[in-house]
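> See start_16.txt below, with compact mmCIF, C-alpha atoms and all ligand atoms.
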# COMPACT_ATOMS: atom_id res chain seq x y z
CA MET A 1 12.89 44.69 41.40
CA ILE A 2 15.68 45.60 39.00
CA THR A 3 17.22 42.16 39.31
CA ALA A 4 13.84 40.55 38.60
CA VAL A 5 13.45 42.66 35.45
CA THR A 6 17.01 41.86 34.37
CA LYS A 7 16.30 38.18 34.90
CA VAL A 8 13.18 38.35 32.73
CA ILE A 9 15.03 40.23 29.98
CA ARG A 10 17.89 37.77 30.09
CA TYR A 11 15.45 34.86 29.88
CA LEU A 12 13.61 36.40 26.92
CA LEU A 13 16.90 37.08 25.16
CA LEU A 14 18.00 33.49 25.70
CA VAL A 15 14.73 32.19 24.34
CA THR A 16 14.93 34.35 21.20
CA VAL A 17 18.57 33.48 20.59
CA ASN A 18 17.71 29.81 21.06
CA GLN A 19 15.00 30.01 18.43
CA GLN A 20 17.44 31.03 15.71
CA ARG A 21 19.00 27.74 14.79
CA VAL A 22 21.03 27.91 11.61
CA SER A 23 21.28 25.01 9.20
CA ARG A 24 24.45 24.28 7.26
CA LYS A 25 24.32 22.44 3.94
CA ARG A 26 25.64 18.89 4.29
CA THR A 27 26.85 16.15 2.00
CA TYR A 28 25.74 12.64 2.90
CA LEU A 29 26.44 9.10 1.76
CA LEU A 30 23.62 6.55 1.82
CA CYS A 31 23.10 3.01 0.54
CA SER A 32 19.74 1.59 -0.47
CA PRO A 33 18.33 -1.33 1.59
CA GLU A 34 17.55 -3.31 -1.58
CA ARG A 35 19.66 -6.13 -0.11
CA PHE A 36 18.76 -5.55 3.52
CA ASP A 37 17.89 -8.54 5.67
CA VAL A 38 18.42 -9.91 9.17
CA GLU A 39 20.47 -13.00 8.35
CA TYR A 40 22.62 -12.99 11.50
CA ALA A 41 22.37 -11.38 14.95
CA ILE A 42 25.32 -9.21 15.97
CA ASN A 43 23.43 -6.81 18.23
CA PRO A 44 20.53 -7.31 20.70
CA TRP A 45 17.99 -5.80 18.31
CA MET A 46 18.54 -8.38 15.58
CA ASP A 47 16.37 -11.49 15.61
CA VAL A 48 16.79 -13.80 12.64
CA SER A 49 13.32 -15.25 13.17
CA THR A 50 11.57 -11.89 12.60
CA PRO A 51 10.64 -11.48 8.95
CA VAL A 52 11.75 -8.31 7.17
CA ASP A 53 9.49 -6.53 4.70
CA ARG A 54 12.16 -5.38 2.29
CA GLU A 55 9.77 -3.49 0.07
CA LEU A 56 8.65 -1.45 3.06
CA ALA A 57 12.28 -0.99 4.13
CA VAL A 58 13.07 0.51 0.72
CA LYS A 59 9.98 2.70 0.81
CA GLN A 60 10.83 4.08 4.28
CA TRP A 61 14.48 4.60 3.34
CA ASP A 62 13.41 6.40 0.12
CA ARG A 63 11.44 8.80 2.28
CA LEU A 64 14.52 9.41 4.44
CA ARG A 65 16.63 10.12 1.34
CA GLU A 66 13.98 12.45 -0.09
CA THR A 67 13.72 14.24 3.26
CA LEU A 68 17.46 14.98 3.30
CA VAL A 69 17.34 16.22 -0.30
CA ALA A 70 14.28 18.36 0.41
CA LEU A 71 16.18 19.99 3.28
CA GLY A 72 18.76 21.12 0.71
CA HIS A 73 21.47 18.52 1.32
CA GLU A 74 23.53 16.65 -1.24
CA VAL A 75 23.11 12.88 -1.16
CA HIS A 76 25.58 10.41 -2.68
CA LEU A 77 24.76 6.73 -3.02
CA LEU A 78 26.74 3.53 -2.63
CA THR A 79 25.65 0.50 -4.63
CA PRO A 80 24.34 -2.29 -2.36
CA GLU A 81 26.21 -5.54 -2.82
CA PRO A 82 24.77 -9.04 -2.59
CA GLY A 83 25.78 -10.87 0.59
CA LEU A 84 26.08 -7.64 2.62
CA PRO A 85 22.62 -7.19 4.17
CA ASP A 86 23.81 -4.48 6.61
CA MET A 87 25.29 -2.24 3.92
CA VAL A 88 22.31 0.09 4.26
CA PHE A 89 23.95 1.24 7.52
CA ALA A 90 26.35 3.46 5.63
CA ALA A 91 27.51 5.35 8.73
CA ASN A 92 29.74 2.45 9.69
CA GLY A 93 32.02 2.51 6.64
CA ALA A 94 34.35 5.41 7.55
CA PHE A 95 34.61 8.66 9.50
CA THR A 96 35.49 11.91 7.76
CA VAL A 97 36.83 15.22 9.04
CA ASP A 98 38.02 18.09 6.82
CA GLY A 99 38.60 16.06 3.66
CA THR A 100 40.25 13.07 5.34
CA ALA A 101 38.48 9.73 5.60
CA TYR A 102 39.56 7.35 8.34
CA GLY A 103 38.46 3.93 7.14
CA ALA A 104 36.51 1.32 9.09
CA ARG A 105 37.56 -2.13 10.15
CA PHE A 106 34.50 -4.05 11.22
CA LYS A 107 34.40 -6.13 14.35
CA HIS A 108 32.23 -8.84 12.82
CA GLU A 109 33.30 -10.97 9.87
CA GLN A 110 29.79 -10.67 8.37
CA ARG A 111 30.32 -6.97 7.66
CA ALA A 112 34.07 -6.93 7.00
CA ALA A 113 33.77 -6.64 3.21
CA GLU A 114 31.85 -3.37 3.46
CA ALA A 115 35.03 -1.48 4.40
CA ALA A 116 36.64 -1.90 0.97
CA LEU A 117 33.51 -0.65 -0.79
CA HIS A 118 33.58 2.55 1.26
CA ARG A 119 37.30 2.90 0.70
CA ALA A 120 36.79 2.65 -3.07
CA PHE A 121 34.17 5.41 -2.87
CA TYR A 122 36.56 7.81 -1.13
CA GLU A 123 39.61 6.92 -3.21
CA SER A 124 37.77 7.29 -6.52
CA ARG A 125 36.80 10.81 -5.45
CA GLY A 126 40.24 11.93 -4.42
CA TRP A 127 39.79 11.95 -0.66
CA ARG A 128 42.80 11.52 1.56
CA PHE A 129 42.08 8.03 2.89
CA ILE A 130 43.71 6.60 6.01
CA ALA A 131 43.47 2.81 6.17
CA PRO A 132 42.83 1.64 9.73
CA GLY A 133 44.96 -0.84 11.62
CA GLU A 134 42.50 -0.98 14.51
CA THR A 135 38.92 -2.23 14.81
CA ASN A 136 36.48 0.63 14.41
CA GLU A 137 33.03 1.07 12.90
CA GLY A 138 33.32 4.54 11.43
CA GLU A 139 30.73 7.13 12.22
CA GLY A 140 28.79 4.54 14.19
CA ASP A 141 31.30 5.14 16.99
CA PHE A 142 32.70 8.58 16.14
CA ALA A 143 31.00 11.97 16.22
CA TYR A 144 32.50 15.33 15.21
CA LEU A 145 31.71 18.73 16.71
CA PRO A 146 33.52 21.40 14.66
CA ASP A 147 32.64 24.24 17.06
CA ALA A 148 33.28 22.49 20.36
CA TYR A 149 36.72 23.28 21.76
CA GLY A 150 38.00 24.15 18.27
CA GLY A 151 36.94 20.82 16.76
CA LEU A 152 36.35 17.79 18.93
CA ILE A 153 35.86 14.12 18.15
CA LEU A 154 33.81 11.97 20.51
CA ALA A 155 34.46 8.25 20.28
CA GLY A 156 32.70 5.23 21.73
CA HIS A 157 34.22 1.92 22.79
CA GLY A 158 32.99 -1.10 24.68
CA PHE A 159 31.19 -3.13 22.04
CA ARG A 160 32.45 -2.53 18.50
CA THR A 161 35.20 0.07 18.11
CA GLU A 162 38.29 -0.77 20.17
CA LEU A 163 40.09 1.79 22.31
CA PRO A 164 43.35 1.83 20.27
CA ALA A 165 41.30 3.04 17.28
CA HIS A 166 40.57 6.26 19.18
CA ALA A 167 44.27 7.11 19.30
CA GLU A 168 44.61 6.06 15.67
CA ALA A 169 41.73 8.36 14.67
CA GLN A 170 43.33 11.26 16.53
CA GLU A 171 46.57 10.77 14.59
CA ALA A 172 44.70 10.32 11.29
CA LEU A 173 42.43 13.32 11.70
CA GLY A 174 44.42 15.75 13.85
CA ARG A 175 41.63 16.50 16.28
CA PRO A 176 41.45 15.63 19.96
CA VAL A 177 39.49 12.46 20.57
CA VAL A 178 37.54 12.00 23.79
CA SER A 179 36.93 8.34 24.61
CA LEU A 180 33.55 7.40 26.00
CA HIS A 181 32.79 3.98 27.47
CA LEU A 182 29.52 2.39 26.34
CA VAL A 183 28.20 -0.06 28.91
CA ASP A 184 24.69 -1.10 27.77
CA PRO A 185 24.64 -3.64 24.90
CA ARG A 186 21.42 -2.15 23.51
CA PHE A 187 23.49 0.98 22.83
CA TYR A 188 26.34 -0.83 21.14
CA HIS A 189 27.41 2.10 18.95
CA LEU A 190 27.96 5.69 20.05
CA ASP A 191 25.44 6.91 17.47
CA VAL A 192 22.54 5.17 19.19
CA ALA A 193 23.37 6.89 22.49
CA LEU A 194 24.63 10.34 21.49
CA ALA A 195 24.18 12.77 18.62
CA ALA A 196 25.57 16.13 17.56
CA ILE A 197 22.49 18.36 17.43
CA ASP A 198 24.55 21.24 16.07
CA ASP A 199 28.22 22.09 15.55
CA GLY A 200 28.87 22.52 19.26
CA ASN A 201 26.30 20.62 21.29
CA VAL A 202 25.05 17.08 21.79
CA ALA A 203 22.01 15.15 22.91
CA TYR A 204 22.64 11.88 24.74
CA TYR A 205 21.28 9.15 26.96
CA PRO A 206 23.38 9.07 30.15
CA GLY A 207 22.49 5.46 30.99
CA ALA A 208 24.38 4.17 27.95
CA PHE A 209 27.70 5.39 29.38
CA SER A 210 29.91 4.44 32.33
CA ALA A 211 29.66 6.74 35.36
CA ALA A 212 33.04 8.29 34.52
CA SER A 213 32.07 8.90 30.89
CA GLN A 214 28.83 10.52 32.06
CA GLN A 215 30.97 12.84 34.16
CA VAL A 216 33.15 13.65 31.13
CA LEU A 217 30.09 14.46 29.01
CA ALA A 218 28.60 16.65 31.73
CA GLN A 219 31.87 18.57 31.99
CA LEU A 220 32.28 19.06 28.23
CA PHE A 221 28.63 19.76 27.42
CA PRO A 222 26.89 21.47 30.34
CA ASP A 223 24.04 22.51 28.02
CA ALA A 224 23.52 19.09 26.46
CA MET A 225 20.01 17.81 25.83
CA LEU A 226 19.31 14.61 27.75
CA ALA A 227 17.09 11.87 26.35
CA ASP A 228 14.96 9.63 28.55
CA ASP A 229 14.83 5.82 28.42
CA ALA A 230 11.82 5.65 26.11
CA ASP A 231 13.26 8.04 23.51
CA ALA A 232 16.67 6.39 23.64
CA LEU A 233 15.15 2.92 23.22
CA ALA A 234 13.04 4.23 20.32
CA PHE A 235 16.35 5.10 18.59
CA GLY A 236 15.59 8.80 19.04
CA LEU A 237 19.27 9.68 19.45
CA ASN A 238 20.14 8.00 16.18
CA LEU A 239 19.35 11.32 14.52
CA VAL A 240 20.75 13.51 11.78
CA SER A 241 20.87 17.26 12.40
CA ASP A 242 21.96 20.02 10.04
CA GLY A 243 22.07 22.52 12.89
CA ALA A 244 18.41 23.48 12.59
CA ASN A 245 16.44 20.55 11.16
CA VAL A 246 16.68 17.32 13.08
CA VAL A 247 15.64 14.18 11.22
CA LEU A 248 14.75 11.57 13.81
CA HIS A 249 12.68 8.46 14.34
CA ALA A 250 8.97 9.28 14.61
CA GLU A 251 8.55 7.26 17.83
CA ALA A 252 10.91 9.56 19.78
CA THR A 253 8.14 12.04 20.48
CA ARG A 254 9.44 13.47 23.75
CA LEU A 255 12.86 14.16 22.33
CA ALA A 256 11.17 15.84 19.36
CA GLY A 257 9.34 18.07 21.84
CA LYS A 258 12.56 18.98 23.64
CA LEU A 259 14.21 19.81 20.32
CA ARG A 260 11.30 22.00 19.28
CA ALA A 261 11.38 23.82 22.62
CA ALA A 262 15.08 24.52 22.07
CA GLY A 263 14.40 26.05 18.66
CA TYR A 264 15.20 23.09 16.39
CA THR A 265 12.76 21.75 13.83
CA PRO A 266 12.17 18.03 14.37
CA VAL A 267 11.55 16.14 11.12
CA PRO A 268 10.11 12.72 12.02
CA VAL A 269 10.62 9.71 9.75
CA GLU A 270 9.54 6.07 10.08
CA LEU A 271 12.19 3.39 9.78
CA THR A 272 10.49 0.44 11.46
CA GLU A 273 11.94 -2.17 9.10
CA LEU A 274 15.56 -1.09 9.38
CA ARG A 275 15.23 -1.06 13.14
CA LYS A 276 15.02 -4.83 12.94
CA GLY A 277 18.69 -4.64 11.99
CA GLY A 278 19.44 -2.50 15.03
CA GLY A 279 19.74 0.78 13.16
CA CYS A 280 17.77 3.89 12.43
CA VAL A 281 18.23 7.34 10.86
CA LYS A 282 21.87 8.11 11.66
CA CYS A 283 23.06 4.59 10.97
CA CYS A 284 21.88 5.04 7.37
CA VAL A 285 23.66 8.36 6.87
CA ALA A 286 27.41 8.99 6.69
CA GLU A 287 28.37 12.63 6.61
CA LEU A 288 31.02 13.59 4.07
CA ARG A 289 32.98 16.45 5.66
CA HIS A 290 35.09 17.93 2.91
N1 LIG B 301 23.10 -4.57 11.99
C1 LIG B 301 24.08 -3.54 12.04
C2 LIG B 301 25.19 -3.93 12.98
O1 LIG B 301 24.91 -4.49 14.00
C3 LIG B 301 23.48 -2.25 12.46
C4 LIG B 301 24.42 -1.09 12.38
C5 LIG B 301 23.82 0.18 12.85
N2 LIG B 301 24.66 1.24 12.55
C6 LIG B 301 24.95 2.26 13.37
N3 LIG B 301 25.64 3.24 12.91
N4 LIG B 301 24.60 2.22 14.62
O2 LIG B 301 26.35 -3.72 12.71
Show me, as structure tokens, the structure contained in the file I just sent.
Ligand code: ARG


Amino acid sequence: MITAVTKVIRYLLLVTVNQQRVSRKRTYLLCSPERFDVEYAINPWMDVSTPVDRELAVKQWDRLRETLVALGHEVHLLTPEPGLPDMVFAANGAFTVDGTAYGARFKHEQRAAEAALHRAFYESRGWRFIAPGETNEGEGDFAYLPDAYGGLILAGHGFRTELPAHAEAQEALGRPVVSLHLVDPRFYHLDVALAAIDDGNVAYYPGAFSAASQQVLAQLFPDAMLADDADALAFGLNLVSDGANVVLHAEATRLAGKLRAAGYTPVPVELTELRKGGGCVKCCVAELRH
């Protein structure tokens, strides 16, 4: 009897504690899709024969920007450049931790010139900038969890970012980097398969990772939220969380339900046009961690 009562009390306590998610004010870097297009195909989602409604892309992206501002976050903007149709995916330009920016070096020639534009942004604002020697696509393949194990970086490899960049990032940023092997080409960046939902926990889609990497994730994050196939394929994990509010693609309805049940507030947005480029919410948002 007593154990049953204790169990109920413990459960109720857990539920109440879970409900109190705390948001932390963030600073983000975005780039308008005024020049967005699908002119080449460098991931399985891109199809050059599908027309892009750029006006709609801008309208949907504007809503995303307004949503982040309305949640109390600071948004900086990069100027879109002609000839760089993927520049809207600002997450790929660098990865920042505690005032240091580790620059990107794109895998594909078509996006290579974006790196210098991001670098100029950080250097003009006095960031410590570490130029990369290794191929890496910034926050597309790196995630930071300040409260996990004293500050942990998760890094993807397999499609874009190359393994030596993980060691380079560790030296640049002074945080342990855990390498995760992406094995499904539809999840070609870490940020389409895994997201930090708060400072110490993640949501992810196990099927995007090698069996060994799944084991690593299960060991590090026993309380992780797991996404199903449909939510993962709807770009649900390509989300932006401030610790309490989770901005995510509107189609990822089941993941939104799981988040709500765990005490987060899902904030759905539509980004159907940008998805034609193989990106969604998180791809458009680089976090500036001062
Ligand atoms: N078309 C872009 C590419 O393939 C999409 C990038 C999406 N960005 C991201 N962080 N996943 O490079």

> Pick out the closest residue to Ala262 (chain A) from this set: A:Cys280, A:Val58, A:Ala232, A:Ala203. Count all atoms listed in the file.

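With all atoms listed in the file as the atom set, the closest residue is A:Ala203.
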
> How would you write, as an mmCIF file with C-alpha atoms, keeping the file's coordinate frame, the set of residues no farther than 6 Å from ligand LIG 301 (chain B) when counting all atoms listed in the file?


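Final output, saved to pocket12.cif:
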data_model
loop_
_atom_site.group_PDB
_atom_site.id
_atom_site.type_symbol
_atom_site.label_atom_id
_atom_site.label_comp_id
_atom_site.auth_asym_id
_atom_site.auth_seq_id
_atom_site.Cartn_x
_atom_site.Cartn_y
_atom_site.Cartn_z
ATOM 1 C CA ILE A 42 25.320 -9.210 15.970
ATOM 2 C CA ASN A 43 23.430 -6.810 18.230
ATOM 3 C CA ASP A 86 23.810 -4.480 6.610
ATOM 4 C CA PHE A 89 23.950 1.240 7.520
ATOM 5 C CA ALA A 91 27.510 5.350 8.730
ATOM 6 C CA ASN A 92 29.740 2.450 9.690
ATOM 7 C CA GLY A 140 28.790 4.540 14.190
ATOM 8 C CA HIS A 189 27.410 2.100 18.950
ATOM 9 C CA ASP A 191 25.440 6.910 17.470
ATOM 10 C CA VAL A 192 22.540 5.170 19.190
ATOM 11 C CA GLY A 277 18.690 -4.640 11.990
ATOM 12 C CA GLY A 278 19.440 -2.500 15.030
ATOM 13 C CA GLY A 279 19.740 0.780 13.160
ATOM 14 C CA CYS A 283 23.060 4.590 10.970
#

> Write out as a PyMOL selection string the residues lying within 12 Å of region 132-137 of chain A, counting all atoms listed in the file and excluding same-chain residues fewer than 2 positions away.

chain A and resi 89-95+101-109+111-112+114-116+118-119+129-130+139-143+155-173+188-191+283+286

> Pick out the closest residue to Trp45 (chain A) from this set: A:Pro268, A:Leu255, A:Arg186, A:Phe235. Count only C-alpha atoms.

A:Arg186

> Name the residues in contact with Val246 (chain A) at a cut-off of 7 Å, using all atoms listed in the file, excluding same-chain residues fewer than 6 positions from it; report them as a PyMOL selection string.

chain A and resi 239-240+264-267

> With distances taken over all atoms listed in the file, which residue among A:Ser213, A:Ser241, A:Thr253, A:Thr50 lies nearest Tyr28 (chain A)?

A:Ser241

> For CA of Tyr204 (chain A) and CA of Leu288 (chain A), determine how far apart the two atoms are, in Å to one decimal place.

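Interatomic distance here is 22.4 Å.
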
> Choose the residue, out of A:Leu78, A:Pro33, A:Val281, A:Ala230, that has the smallest atom-to-atom separation from Ala120 (chain A); count all atoms listed in the file.

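With all atoms listed in the file as the atom set, the closest residue is A:Leu78.
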
> Using only C-alpha atoms, which residue out of A:Thr67, A:Gln60, A:Thr79, A:Asn238 lies closest to Leu29 (chain A)?

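Among A:Thr67, A:Gln60, A:Thr79, A:Asn238, it is A:Thr79 that comes nearest to Leu29 (chain A).
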
> To one decimal place, how far is CA of Leu194 (chain A) from CA of Pro222 (chain A) in Å?

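CA of Pro222 (chain A) lies at a distance of 14.4 Å from CA of Leu194 (chain A).
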
> With all atoms listed in the file as the basis for distance, which of A:Asp53, A:Asp228, A:Glu251, A:Asp184 is at the shortest distance from Val269 (chain A)?

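Ranked by minimum distance to Val269 (chain A), first place goes to A:Glu251.
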